[in-house]
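Asker: Contents are CSV, C-alpha atoms and all ligand atoms; file name data_24.csv:
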```csv
chain,number,residue,atom,x,y,z
A,1,MET,CA,0.0,0.0,0.0
A,2,PRO,CA,1.4,3.4,-0.9
A,3,SER,CA,1.7,5.9,2.0
A,4,ARG,CA,-0.8,8.7,1.7
A,5,VAL,CA,-0.6,12.5,1.9
A,6,ASN,CA,-3.0,15.4,1.1
A,7,VAL,CA,-0.4,17.2,-1.0
A,8,ALA,CA,2.6,15.9,-2.8
A,9,ILE,CA,5.0,18.6,-4.3
A,10,ILE,CA,7.4,17.5,-6.9
A,11,GLY,CA,10.6,19.4,-6.7
A,12,GLY,CA,12.6,20.7,-3.8
A,13,GLY,CA,13.8,24.0,-5.4
A,14,ILE,CA,12.8,27.3,-4.0
A,15,VAL,CA,9.4,27.3,-5.8
A,16,GLY,CA,8.4,23.8,-4.5
A,17,LEU,CA,9.6,24.7,-1.0
A,18,ALA,CA,7.9,28.1,-0.9
A,19,THR,CA,4.7,26.5,-2.1
A,20,GLY,CA,4.9,23.8,0.6
A,21,LEU,CA,5.5,26.4,3.3
A,22,GLU,CA,2.7,28.6,2.2
A,23,ILE,CA,0.2,25.6,2.1
A,24,LEU,CA,1.2,24.6,5.6
A,25,GLY,CA,0.8,28.2,6.8
A,26,ARG,CA,-2.7,28.4,5.3
A,27,PHE,CA,-3.9,24.9,6.2
A,28,PRO,CA,-2.1,23.9,9.4
A,29,GLY,CA,-2.3,20.1,9.9
A,30,VAL,CA,-2.5,19.2,6.2
A,31,SER,CA,-0.2,16.2,5.4
A,32,LEU,CA,2.3,17.3,2.8
A,33,ALA,CA,5.4,15.8,1.3
A,34,VAL,CA,8.1,17.4,-1.0
A,35,LEU,CA,9.7,14.9,-3.3
A,36,GLU,CA,13.2,15.8,-4.5
A,37,LYS,CA,15.3,13.6,-6.8
A,38,GLU,CA,18.6,15.0,-5.7
A,39,SER,CA,20.2,14.2,-2.3
A,40,GLU,CA,19.6,17.8,-1.0
A,41,VAL,CA,17.2,20.6,-1.7
A,42,ALA,CA,18.1,23.6,-3.9
A,43,ALA,CA,20.6,21.4,-5.9
A,44,HIS,CA,19.7,22.9,-9.3
A,45,GLN,CA,18.8,26.5,-10.4
A,46,THR,CA,18.0,27.7,-6.9
A,47,GLY,CA,21.5,26.8,-5.6
A,48,HIS,CA,23.3,28.0,-8.7
A,49,ASN,CA,22.0,31.4,-9.7
A,50,SER,CA,23.4,34.9,-9.4
A,51,GLY,CA,22.0,35.4,-6.0
A,52,VAL,CA,20.5,38.7,-6.9
A,53,ILE,CA,17.4,40.1,-5.2
A,54,HIS,CA,15.8,41.8,-8.2
A,55,SER,CA,13.9,44.9,-7.5
A,56,GLY,CA,11.6,44.8,-10.6
A,57,ILE,CA,13.0,47.4,-13.0
A,58,TYR,CA,12.8,45.2,-16.0
A,59,TYR,CA,9.2,44.2,-16.0
A,60,LYS,CA,6.3,45.7,-17.9
A,61,PRO,CA,4.2,47.8,-15.4
A,62,GLY,CA,1.0,46.1,-14.5
A,63,SER,CA,2.3,42.6,-15.5
A,64,LEU,CA,2.2,39.7,-13.1
A,65,LYS,CA,6.0,39.6,-13.1
A,66,ALA,CA,6.2,43.2,-12.1
A,67,ARG,CA,3.8,42.7,-9.2
A,68,LEU,CA,5.3,39.5,-8.0
A,69,CYS,CA,8.8,40.9,-8.2
A,70,THR,CA,8.1,44.1,-6.3
A,71,GLU,CA,5.9,42.3,-3.7
A,72,GLY,CA,8.4,39.4,-3.5
A,73,VAL,CA,11.3,41.6,-2.6
A,74,ASN,CA,9.5,42.9,0.5
A,75,ALA,CA,8.3,39.4,1.5
A,76,LEU,CA,11.8,38.0,1.1
A,77,LEU,CA,13.4,40.7,3.2
A,78,ARG,CA,10.8,40.3,5.9
A,79,PHE,CA,11.5,36.6,5.9
A,80,CYS,CA,15.3,37.2,6.1
A,81,GLU,CA,14.9,39.6,9.1
A,82,GLU,CA,12.7,37.1,10.9
A,83,HIS,CA,15.0,34.2,10.4
A,84,ALA,CA,18.4,36.0,10.5
A,85,ILE,CA,19.3,35.1,6.9
A,86,PRO,CA,22.1,37.3,5.6
A,87,TYR,CA,21.5,39.6,2.7
A,88,GLU,CA,22.9,42.9,1.5
A,89,ILE,CA,21.1,45.7,-0.3
A,90,CYS,CA,24.1,47.0,-2.2
A,91,GLY,CA,22.3,48.5,-5.2
A,92,LYS,CA,23.1,48.1,-8.8
A,93,VAL,CA,24.2,50.2,-11.8
A,94,ILE,CA,23.0,49.5,-15.3
A,95,VAL,CA,25.4,50.9,-17.8
A,96,ALA,CA,24.7,51.9,-21.4
A,97,THR,CA,27.8,51.9,-23.7
A,98,SER,CA,26.1,53.0,-27.0
A,99,HIS,CA,23.4,55.4,-28.1
A,100,ASN,CA,21.1,52.5,-29.0
A,101,GLU,CA,21.4,51.2,-25.4
A,102,SER,CA,21.0,54.7,-24.0
A,103,ALA,CA,17.6,54.9,-25.7
A,104,GLN,CA,16.6,51.6,-24.1
A,105,LEU,CA,17.6,53.0,-20.7
A,106,ASN,CA,14.8,55.5,-20.9
A,107,GLU,CA,12.3,52.7,-21.1
A,108,LEU,CA,13.9,50.8,-18.1
A,109,TYR,CA,13.8,54.0,-16.1
A,110,ARG,CA,10.1,54.5,-17.0
A,111,ARG,CA,9.3,51.0,-15.9
A,112,GLY,CA,11.2,51.3,-12.7
A,113,ILE,CA,9.3,54.5,-11.7
A,114,ALA,CA,6.0,52.9,-12.8
A,115,ASN,CA,6.7,49.8,-10.8
A,116,GLY,CA,7.2,52.0,-7.7
A,117,LEU,CA,11.0,51.5,-7.2
A,118,LYS,CA,12.5,53.9,-4.7
A,119,GLY,CA,15.5,56.0,-5.5
A,120,VAL,CA,15.9,55.0,-9.1
A,121,ARG,CA,17.9,57.7,-11.0
A,122,MET,CA,19.5,58.3,-14.3
A,123,LEU,CA,23.3,58.7,-14.3
A,124,THR,CA,25.7,60.6,-16.5
A,125,GLY,CA,29.0,59.0,-17.5
A,126,ASP,CA,30.7,60.9,-14.7
A,127,GLU,CA,28.1,59.8,-12.2
A,128,ILE,CA,28.7,56.2,-13.2
A,129,ARG,CA,32.3,56.6,-12.4
A,130,GLU,CA,31.6,58.1,-9.0
A,131,LEU,CA,29.6,55.0,-8.1
A,132,GLU,CA,31.7,52.5,-10.0
A,133,PRO,CA,35.2,53.9,-10.6
A,134,HIS,CA,36.2,51.0,-12.9
A,135,ALA,CA,33.1,51.2,-15.1
A,136,SER,CA,32.6,53.5,-18.0
A,137,GLY,CA,29.5,54.2,-20.1
A,138,ILE,CA,27.7,57.1,-21.7
A,139,ARG,CA,24.6,56.9,-19.4
A,140,GLY,CA,23.4,54.6,-16.7
A,141,ILE,CA,20.7,53.9,-14.1
A,142,GLN,CA,21.2,53.5,-10.4
A,143,VAL,CA,18.8,51.0,-8.7
A,144,PRO,CA,19.5,51.3,-5.0
A,145,GLY,CA,17.0,48.6,-3.9
A,146,THR,CA,18.7,45.7,-5.6
A,147,GLY,CA,20.6,43.3,-3.3
A,148,VAL,CA,22.4,40.0,-3.0
A,149,ILE,CA,21.5,36.8,-1.0
A,150,ASP,CA,22.3,33.1,-1.0
A,151,TYR,CA,19.0,31.4,-2.2
A,152,ARG,CA,20.3,28.1,-1.1
A,153,THR,CA,20.2,29.3,2.5
A,154,VAL,CA,16.7,30.6,2.0
A,155,ALA,CA,15.6,27.3,0.5
A,156,ARG,CA,17.1,25.3,3.4
A,157,LYS,CA,15.3,27.5,5.8
A,158,TYR,CA,12.0,26.9,4.0
A,159,ALA,CA,12.7,23.1,4.2
A,160,GLU,CA,13.4,23.4,7.9
A,161,LEU,CA,10.2,25.2,8.5
A,162,ILE,CA,8.2,22.7,6.5
A,163,VAL,CA,9.5,19.9,8.6
A,164,ARG,CA,8.8,21.9,11.8
A,165,GLY,CA,5.2,22.5,10.5
A,166,GLY,CA,4.6,18.8,10.2
A,167,GLY,CA,5.5,18.3,6.5
A,168,ALA,CA,8.1,15.9,5.1
A,169,ILE,CA,11.0,16.5,2.7
A,170,HIS,CA,12.0,13.3,0.8
A,171,VAL,CA,15.3,13.7,-0.9
A,172,SER,CA,16.9,11.2,-3.3
A,173,ARG,CA,13.3,10.3,-4.3
A,174,GLU,CA,12.7,10.9,-8.0
A,175,VAL,CA,9.1,10.9,-9.3
A,176,ILE,CA,9.0,8.5,-12.3
A,177,ALA,CA,5.3,8.2,-13.1
A,178,LEU,CA,1.9,9.5,-12.1
A,179,ARG,CA,-1.3,7.5,-12.4
A,180,PRO,CA,-4.8,8.3,-11.4
A,181,SER,CA,-6.4,6.2,-8.6
A,182,GLY,CA,-10.0,7.3,-8.1
A,183,SER,CA,-9.9,11.0,-7.2
A,184,ASP,CA,-6.3,10.7,-6.0
A,185,THR,CA,-3.0,10.2,-7.8
A,186,VAL,CA,-0.4,7.6,-7.2
A,187,VAL,CA,3.0,9.2,-7.4
A,188,GLU,CA,5.5,6.5,-8.4
A,189,THR,CA,8.9,7.3,-7.1
A,190,THR,CA,12.3,5.6,-7.0
A,191,ARG,CA,11.6,4.8,-3.4
A,192,GLY,CA,8.1,3.5,-3.7
A,193,PRO,CA,4.7,5.0,-4.3
A,194,ILE,CA,2.9,7.8,-2.5
A,195,GLU,CA,-0.8,8.4,-2.9
A,196,ALA,CA,-1.9,12.1,-2.9
A,197,ARG,CA,-5.1,14.0,-3.1
A,198,LEU,CA,-3.3,16.9,-4.8
A,199,VAL,CA,0.0,16.8,-6.8
A,200,ILE,CA,1.8,20.1,-7.5
A,201,ASN,CA,4.5,20.2,-10.1
A,202,CYS,CA,7.4,22.4,-9.2
A,203,ALA,CA,10.1,20.4,-11.1
A,204,GLY,CA,11.8,23.5,-12.5
A,205,LEU,CA,13.4,22.8,-15.9
A,206,GLN,CA,11.9,19.3,-15.8
A,207,SER,CA,8.3,20.4,-15.1
A,208,ASP,CA,7.3,19.7,-18.7
A,209,ARG,CA,8.5,16.1,-18.3
A,210,VAL,CA,6.5,15.8,-15.1
A,211,SER,CA,3.4,17.3,-16.9
A,212,HIS,CA,3.8,14.6,-19.6
A,213,MET,CA,3.7,11.9,-16.8
A,214,ALA,CA,0.2,13.2,-16.0
A,215,ASN,CA,-0.7,13.1,-19.7
A,216,ALA,CA,-1.1,16.9,-19.8
A,217,LYS,CA,-1.5,18.2,-23.4
A,218,LEU,CA,1.2,20.9,-23.5
A,219,ASP,CA,1.8,23.4,-26.3
A,220,LEU,CA,5.2,24.1,-24.9
A,221,THR,CA,8.5,22.5,-24.1
A,222,ILE,CA,11.4,23.6,-21.9
A,223,VAL,CA,14.7,24.0,-23.7
A,224,PRO,CA,17.3,24.0,-20.9
A,225,PHE,CA,20.2,26.5,-20.8
A,226,ARG,CA,23.1,26.4,-18.5
A,227,GLY,CA,24.7,29.6,-17.1
A,228,GLU,CA,28.4,29.7,-16.5
A,229,TYR,CA,30.2,32.1,-14.3
A,230,TYR,CA,33.8,33.3,-13.9
A,231,GLU,CA,35.2,34.6,-10.6
A,232,LEU,CA,37.3,37.8,-10.3
A,233,VAL,CA,40.7,37.0,-8.7
A,234,PRO,CA,40.8,38.2,-5.1
A,235,GLY,CA,43.1,41.1,-5.9
A,236,LYS,CA,40.5,42.6,-8.2
A,237,HIS,CA,37.4,42.4,-6.1
A,238,HIS,CA,37.6,46.2,-5.6
A,239,TYR,CA,36.9,46.7,-9.3
A,240,VAL,CA,33.2,46.2,-8.6
A,241,ARG,CA,31.5,48.0,-5.7
A,242,SER,CA,27.9,46.9,-6.1
A,243,LEU,CA,26.3,45.0,-9.1
A,244,LEU,CA,27.1,46.0,-12.6
A,245,TYR,CA,24.7,45.2,-15.4
A,246,PRO,CA,24.6,45.9,-19.1
A,247,VAL,CA,21.4,47.1,-20.8
A,248,PRO,CA,19.6,43.9,-21.7
A,249,ASP,CA,19.3,43.1,-25.4
A,250,PRO,CA,15.6,43.0,-26.1
A,251,ARG,CA,16.1,40.2,-28.7
A,252,PHE,CA,17.2,37.8,-25.9
A,253,PRO,CA,15.4,36.5,-22.8
A,254,PHE,CA,18.5,37.1,-20.6
A,255,LEU,CA,19.7,40.1,-18.6
A,256,GLY,CA,23.2,40.0,-20.0
A,257,VAL,CA,26.5,39.1,-18.4
A,258,HIS,CA,26.9,41.1,-15.2
A,259,PHE,CA,29.3,41.5,-12.4
A,260,THR,CA,27.8,40.3,-9.1
A,261,LYS,CA,29.0,40.7,-5.6
A,262,ARG,CA,28.4,37.5,-3.7
A,263,ILE,CA,26.9,37.6,-0.2
A,264,SER,CA,29.6,35.1,0.8
A,265,GLY,CA,32.4,37.3,-0.6
A,266,GLY,CA,34.0,37.6,-4.0
A,267,VAL,CA,32.7,38.8,-7.4
A,268,GLU,CA,31.4,36.7,-10.2
A,269,ALA,CA,31.0,37.6,-13.9
A,270,GLY,CA,28.3,35.8,-15.8
A,271,PRO,CA,26.1,34.0,-16.6
A,272,ASN,CA,26.5,33.2,-20.3
A,273,ALA,CA,23.7,31.1,-21.7
A,274,VAL,CA,24.8,27.7,-23.0
A,275,LEU,CA,22.3,25.3,-24.5
A,276,ALA,CA,22.6,22.3,-22.1
A,277,LEU,CA,23.3,19.8,-24.8
A,278,ASN,CA,24.1,16.6,-23.0
A,279,VAL,CA,23.0,13.3,-24.6
A,280,ARG,CA,19.7,13.2,-22.9
A,281,VAL,CA,18.9,16.8,-23.8
A,282,THR,CA,19.9,16.3,-27.4
A,283,GLN,CA,17.7,13.2,-27.7
A,284,ARG,CA,14.9,15.3,-26.1
A,285,ILE,CA,15.3,18.2,-28.5
A,286,LEU,CA,15.1,15.8,-31.4
A,287,LEU,CA,12.1,14.1,-29.9
A,288,VAL,CA,10.5,17.4,-29.1
A,289,GLN,CA,11.2,18.8,-32.6
A,290,ALA,CA,9.4,15.8,-34.0
A,291,THR,CA,6.5,16.3,-31.7
A,292,PHE,CA,6.2,20.0,-31.4
A,293,GLY,CA,8.2,21.3,-34.4
A,294,SER,CA,5.2,23.1,-35.8
A,295,THR,CA,4.1,24.8,-32.6
A,296,ARG,CA,4.5,28.5,-32.0
A,297,PRO,CA,7.0,28.3,-29.0
A,298,PHE,CA,9.2,25.9,-30.9
A,299,GLN,CA,9.2,28.1,-34.0
A,300,VAL,CA,10.1,31.2,-32.0
A,301,PHE,CA,12.9,29.3,-30.2
A,302,GLY,CA,14.2,28.0,-33.5
A,303,LEU,CA,14.1,31.5,-35.1
A,304,TRP,CA,15.9,33.0,-32.1
A,305,LEU,CA,18.7,30.4,-32.2
A,306,ARG,CA,19.1,30.9,-35.9
A,307,SER,CA,19.4,34.6,-35.4
A,308,THR,CA,22.3,33.9,-33.0
A,309,GLY,CA,23.9,31.5,-35.4
A,310,THR,CA,23.8,28.6,-32.9
A,311,CYS,CA,20.8,26.6,-34.1
A,312,PRO,CA,21.9,22.9,-33.7
A,313,TRP,CA,19.4,21.4,-36.1
A,314,THR,CA,17.8,22.2,-39.4
A,315,SER,CA,14.1,22.5,-39.4
A,316,THR,CA,11.6,22.7,-42.2
A,317,THR,CA,9.0,24.2,-39.8
A,318,ALA,CA,10.9,27.1,-38.2
A,319,HIS,CA,10.8,29.4,-41.3
B,1,LIG,C1,21.9,31.3,-14.6
B,1,LIG,C2,20.7,31.7,-13.8
B,1,LIG,C3,20.9,32.8,-13.0
B,1,LIG,C4,19.8,33.3,-12.2
B,1,LIG,N1,19.9,34.3,-11.4
B,1,LIG,C5,18.9,34.7,-10.6
B,1,LIG,C6,19.0,35.7,-9.6
B,1,LIG,O1,20.1,36.3,-9.5
B,1,LIG,N2,18.0,36.1,-8.9
B,1,LIG,C7,16.8,35.4,-9.0
B,1,LIG,O2,15.8,35.8,-8.3
B,1,LIG,N3,16.6,34.4,-9.9
B,1,LIG,C8,17.6,34.0,-10.6
B,1,LIG,N4,17.5,33.0,-11.5
B,1,LIG,C9,16.2,32.3,-11.6
B,1,LIG,C10,16.0,31.4,-10.4
B,1,LIG,O3,17.2,30.7,-10.1
B,1,LIG,C11,14.9,30.4,-10.7
B,1,LIG,O4,13.7,31.1,-11.1
B,1,LIG,C12,14.5,29.5,-9.5
B,1,LIG,O5,15.7,28.9,-8.9
B,1,LIG,C13,13.6,28.4,-10.0
B,1,LIG,O6,13.3,27.6,-8.9
B,1,LIG,P1,12.6,26.2,-9.1
B,1,LIG,O7,12.3,25.7,-7.8
B,1,LIG,O8,11.5,26.4,-10.1
B,1,LIG,O9,13.6,25.3,-9.9
B,1,LIG,P2,14.9,24.4,-9.4
B,1,LIG,O10,15.7,25.1,-8.4
B,1,LIG,O11,15.6,23.9,-10.6
B,1,LIG,O12,14.1,23.2,-8.6
B,1,LIG,C14,13.5,22.2,-9.3
B,1,LIG,C15,13.7,20.9,-8.6
B,1,LIG,O13,12.9,19.9,-9.1
B,1,LIG,C16,13.6,18.7,-9.0
B,1,LIG,N5,13.0,17.7,-9.9
B,1,LIG,C17,13.0,17.7,-11.2
B,1,LIG,N6,12.4,16.7,-11.7
B,1,LIG,C18,12.0,15.9,-10.6
B,1,LIG,C19,11.4,14.6,-10.5
B,1,LIG,N7,11.0,13.9,-11.5
B,1,LIG,N8,11.3,14.1,-9.2
B,1,LIG,C20,11.7,14.8,-8.1
B,1,LIG,N9,12.3,16.0,-8.2
B,1,LIG,C21,12.5,16.5,-9.4
B,1,LIG,C22,15.1,19.1,-9.3
B,1,LIG,O14,16.0,18.2,-8.9
B,1,LIG,C23,15.2,20.5,-8.7
B,1,LIG,O15,15.8,20.4,-7.4
B,1,LIG,C24,18.5,32.5,-12.3
B,1,LIG,C25,18.4,31.4,-13.1
B,1,LIG,C26,19.5,31.0,-13.9
B,1,LIG,C27,19.4,29.8,-14.7
```
Any chance you could put this one into structure tokens?

Answerer:
Amino acid sequence: MPSRVNVAIIGGGIVGLATGLEILGRFPGVSLAVLEKESEVAAHQTGHNSGVIHSGIYYKPGSLKARLCTEGVNALLRFCEEHAIPYEICGKVIVATSHNESAQLNELYRRGIANGLKGVRMLTGDEIRELEPHASGIRGIQVPGTGVIDYRTVARKYAELIVRGGGAIHVSREVIALRPSGSDTVVETTRGPIEARLVINCAGLQSDRVSHMANAKLDLTIVPFRGEYYELVPGKHHYVRSLLYPVPDPRFPFLGVHFTKRISGGVEAGPNAVLALNVRVTQRILLVQATFGSTRPFQVFGLWLRSTGTCPWTSTTAH
């Protein structure tokens, strides 16, 4: 007989753990289990990102992203204060190095003001140098509310609170199949089945695979990218005082390579965006191309890759 819970959450990254914590807060006493395939929580994106507390300057005013980001900063900082998690609001500077980028700064500034960010201001080239003596640009924006944190520490605290609230965290337990059983779902895992009234998919970059286990009809697929970082050598840490960002290129869904002060010390430069082409992913892309090649998201992705000259396949459907 499978063990039974009210709620099974697939994925022990920050999204799965935050979801679990929120459910336990709203419905104390509910039985809940987080199922994580790795041997610890936050082993993927959550534990390997830039560690930036974004303030919400990039997002379209009125959009869900803008609202979640601006509300999320305050919620995160309250949580950190309550649980003594270190963070630093060091601010950031976005630097434009060409007239084209300078024009885009105006839009970022407009968005920042519309999203209610405090203290955002335009910078001249000289003012950039006052804040960041080793940076040069023709114009910039200072965003004082941006900060740094270690999201792995936050995720571990979420996990601790879930256990304290009566929930369970099962690591090294990969979900391999989902099958209906009356009004419940049997979640097959590498360590035996669990039956759940409600299953929540928080599997990050593998959430499309998990959706397919539930026979969901998806018109999307996740194409995984890996971000790689370099570290400034210790003698050069003083080159960067806060966070230094370029103006994002609107053709790409990335913020651009930036210099990031780490909360644990040191400065990183990155991330780049490398298509994560291991064997499994390559097989998956080919399979996905065969399955979804004519769908809109895949066409857009193919066109974008082609525009960057890195498209690893030829497609008759992308043009
Ligand atoms: C390069 C890079 C830099 C970033 N920088 C920032 C930043 O500075 N600030 C910021 O706020 N955000 C940043 N982000 C975004 C942020 O890291 C992600 O939005 C966030 O970590 C996503 O969390 P998640 O829980 O959805 O995914 P993940 O952390 O990837 O968690 C998903 C979990 O699901 C598990 N899982 C998958 N399949 C199964 C299965 N079948 N069974 C059991 N478990 C499974 C995985 O092992 C994983 O632990 C960055 C992202 C990247 C890629």

Asker: Residues up to 8 Å from ligand LIG 1 (chain B), counting all atoms listed in the file: could you list those as a PDB file with C-alpha atoms, keeping the file's coordinate frame?

Answerer:
```
ATOM      1  CA  ILE A  10       7.400  17.500  -6.900  1.00  0.00           C
ATOM      2  CA  GLY A  11      10.600  19.400  -6.700  1.00  0.00           C
ATOM      3  CA  GLY A  12      12.600  20.700  -3.800  1.00  0.00           C
ATOM      4  CA  GLY A  13      13.800  24.000  -5.400  1.00  0.00           C
ATOM      5  CA  ILE A  14      12.800  27.300  -4.000  1.00  0.00           C
ATOM      6  CA  VAL A  15       9.400  27.300  -5.800  1.00  0.00           C
ATOM      7  CA  GLY A  16       8.400  23.800  -4.500  1.00  0.00           C
ATOM      8  CA  LEU A  17       9.600  24.700  -1.000  1.00  0.00           C
ATOM      9  CA  LEU A  35       9.700  14.900  -3.300  1.00  0.00           C
ATOM     10  CA  GLU A  36      13.200  15.800  -4.500  1.00  0.00           C
ATOM     11  CA  LYS A  37      15.300  13.600  -6.800  1.00  0.00           C
ATOM     12  CA  GLU A  38      18.600  15.000  -5.700  1.00  0.00           C
ATOM     13  CA  GLU A  40      19.600  17.800  -1.000  1.00  0.00           C
ATOM     14  CA  VAL A  41      17.200  20.600  -1.700  1.00  0.00           C
ATOM     15  CA  ALA A  42      18.100  23.600  -3.900  1.00  0.00           C
ATOM     16  CA  ALA A  43      20.600  21.400  -5.900  1.00  0.00           C
ATOM     17  CA  HIS A  44      19.700  22.900  -9.300  1.00  0.00           C
ATOM     18  CA  GLN A  45      18.800  26.500 -10.400  1.00  0.00           C
ATOM     19  CA  THR A  46      18.000  27.700  -6.900  1.00  0.00           C
ATOM     20  CA  GLY A  47      21.500  26.800  -5.600  1.00  0.00           C
ATOM     21  CA  HIS A  48      23.300  28.000  -8.700  1.00  0.00           C
ATOM     22  CA  ASN A  49      22.000  31.400  -9.700  1.00  0.00           C
ATOM     23  CA  SER A  50      23.400  34.900  -9.400  1.00  0.00           C
ATOM     24  CA  GLY A  51      22.000  35.400  -6.000  1.00  0.00           C
ATOM     25  CA  VAL A  52      20.500  38.700  -6.900  1.00  0.00           C
ATOM     26  CA  ILE A  53      17.400  40.100  -5.200  1.00  0.00           C
ATOM     27  CA  HIS A  54      15.800  41.800  -8.200  1.00  0.00           C
ATOM     28  CA  VAL A 148      22.400  40.000  -3.000  1.00  0.00           C
ATOM     29  CA  TYR A 151      19.000  31.400  -2.200  1.00  0.00           C
ATOM     30  CA  SER A 172      16.900  11.200  -3.300  1.00  0.00           C
ATOM     31  CA  ARG A 173      13.300  10.300  -4.300  1.00  0.00           C
ATOM     32  CA  GLU A 174      12.700  10.900  -8.000  1.00  0.00           C
ATOM     33  CA  VAL A 175       9.100  10.900  -9.300  1.00  0.00           C
ATOM     34  CA  ILE A 176       9.000   8.500 -12.300  1.00  0.00           C
ATOM     35  CA  THR A 189       8.900   7.300  -7.100  1.00  0.00           C
ATOM     36  CA  CYS A 202       7.400  22.400  -9.200  1.00  0.00           C
ATOM     37  CA  ALA A 203      10.100  20.400 -11.100  1.00  0.00           C
ATOM     38  CA  GLY A 204      11.800  23.500 -12.500  1.00  0.00           C
ATOM     39  CA  LEU A 205      13.400  22.800 -15.900  1.00  0.00           C
ATOM     40  CA  GLN A 206      11.900  19.300 -15.800  1.00  0.00           C
ATOM     41  CA  SER A 207       8.300  20.400 -15.100  1.00  0.00           C
ATOM     42  CA  ARG A 209       8.500  16.100 -18.300  1.00  0.00           C
ATOM     43  CA  VAL A 210       6.500  15.800 -15.100  1.00  0.00           C
ATOM     44  CA  PHE A 225      20.200  26.500 -20.800  1.00  0.00           C
ATOM     45  CA  ARG A 226      23.100  26.400 -18.500  1.00  0.00           C
ATOM     46  CA  GLY A 227      24.700  29.600 -17.100  1.00  0.00           C
ATOM     47  CA  GLU A 228      28.400  29.700 -16.500  1.00  0.00           C
ATOM     48  CA  GLY A 270      28.300  35.800 -15.800  1.00  0.00           C
ATOM     49  CA  PRO A 271      26.100  34.000 -16.600  1.00  0.00           C
ATOM     50  CA  ASN A 272      26.500  33.200 -20.300  1.00  0.00           C
ATOM     51  CA  ALA A 273      23.700  31.100 -21.700  1.00  0.00           C
TER      52      ALA A 273
END
```

Asker: Tyr239 in chain A: which residues within 10 Å, counting only C-alpha atoms, same-chain residues fewer than 3 positions away excluded, as number ranges by chain?

Answerer: A: 132-135, 232, 235-236, 242, 259, 267

Asker: Between CA of Glu88 in chain A and CA of Ser55 in chain A, measure the distance and give it in Å to one decimal.

Answerer: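 Going from CA of Glu88 in chain A over to CA of Ser55 in chain A covers 12.9 Å.
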
Asker: Taking (17.9, 49.7, -3.3) in the file's own coordinates, collect the residues within 9 Å, counting only C-alpha atoms, and hand them back as a CSV table (one decimal) with C-alpha atoms, in the frame of the given file.

Answerer:
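Result file result-v8.csv:
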```csv
chain,number,residue,atom,x,y,z
A,55,SER,CA,13.9,44.9,-7.5
A,89,ILE,CA,21.1,45.7,-0.3
A,90,CYS,CA,24.1,47.0,-2.2
A,91,GLY,CA,22.3,48.5,-5.2
A,92,LYS,CA,23.1,48.1,-8.8
A,117,LEU,CA,11.0,51.5,-7.2
A,118,LYS,CA,12.5,53.9,-4.7
A,119,GLY,CA,15.5,56.0,-5.5
A,120,VAL,CA,15.9,55.0,-9.1
A,142,GLN,CA,21.2,53.5,-10.4
A,143,VAL,CA,18.8,51.0,-8.7
A,144,PRO,CA,19.5,51.3,-5.0
A,145,GLY,CA,17.0,48.6,-3.9
A,146,THR,CA,18.7,45.7,-5.6
A,147,GLY,CA,20.6,43.3,-3.3
```

Asker: May I ask which of the residues A:Leu68, A:Leu220, A:Tyr109, A:Arg4 is the closest one to Ser181 in chain A, counting all atoms listed in the file?

Answerer: A:Arg4

Asker: How many Å separate CA of Ser98 in chain A from CA of Pro248 in chain A?

Answerer: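 Rounded to one decimal, the two atoms are 12.4 Å apart.
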
Asker: Rounded to one decimal in Å, what is the spacing between CA of Lys65 in chain A and CA of Leu218 in chain A?

Answerer: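 Separation between CA of Lys65 in chain A and CA of Leu218 in chain A: 21.9 Å.
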
Asker: Excluding Val5 in chain A and any residue of its chain fewer than 5 positions from it, enumerate the residues within 10 Å of it, using all atoms listed in the file, and give them as a PDB file with C-alpha atoms, keeping the file's coordinate frame.

Answerer:
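Wrote it out as part.pdb, contents follow:
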```
ATOM      1  CA  VAL A  30      -2.500  19.200   6.200  1.00  0.00           C
ATOM      2  CA  SER A  31      -0.200  16.200   5.400  1.00  0.00           C
ATOM      3  CA  LEU A  32       2.300  17.300   2.800  1.00  0.00           C
ATOM      4  CA  ALA A  33       5.400  15.800   1.300  1.00  0.00           C
ATOM      5  CA  GLY A 167       5.500  18.300   6.500  1.00  0.00           C
ATOM      6  CA  ALA A 168       8.100  15.900   5.100  1.00  0.00           C
ATOM      7  CA  ASP A 184      -6.300  10.700  -6.000  1.00  0.00           C
ATOM      8  CA  ILE A 194       2.900   7.800  -2.500  1.00  0.00           C
ATOM      9  CA  GLU A 195      -0.800   8.400  -2.900  1.00  0.00           C
ATOM     10  CA  ALA A 196      -1.900  12.100  -2.900  1.00  0.00           C
ATOM     11  CA  ARG A 197      -5.100  14.000  -3.100  1.00  0.00           C
ATOM     12  CA  LEU A 198      -3.300  16.900  -4.800  1.00  0.00           C
ATOM     13  CA  VAL A 199       0.000  16.800  -6.800  1.00  0.00           C
TER      14      VAL A 199
END
```

Asker: Out of A:Pro250, A:Pro193, A:Gly20, A:Gly29, which residue has the shortest atom-to-atom distance to Leu178 in chain A when counting only C-alpha atoms?

Answerer: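 Checking each candidate against Leu178 in chain A, we get A:Pro193 as the closest.
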
Asker: Counting all atoms listed in the file, figure out which residue out of A:Gly192, A:Pro224, A:Gly72, A:Pro86 gets nearest to Ile263 in chain A.

Answerer: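 Ranked by minimum distance to Ile263 in chain A, first place goes to A:Pro86.
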
Asker: May I have the residues at most 7 Å from (-0.9, 22.0, 9.3) in the file's coordinates, counting only C-alpha atoms, as a list in words?

Answerer: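 Those residues lying close to the given coordinates are Leu24, Gly25, Phe27, Pro28, Gly29, Val30, Gly165 and Gly166 of chain A.
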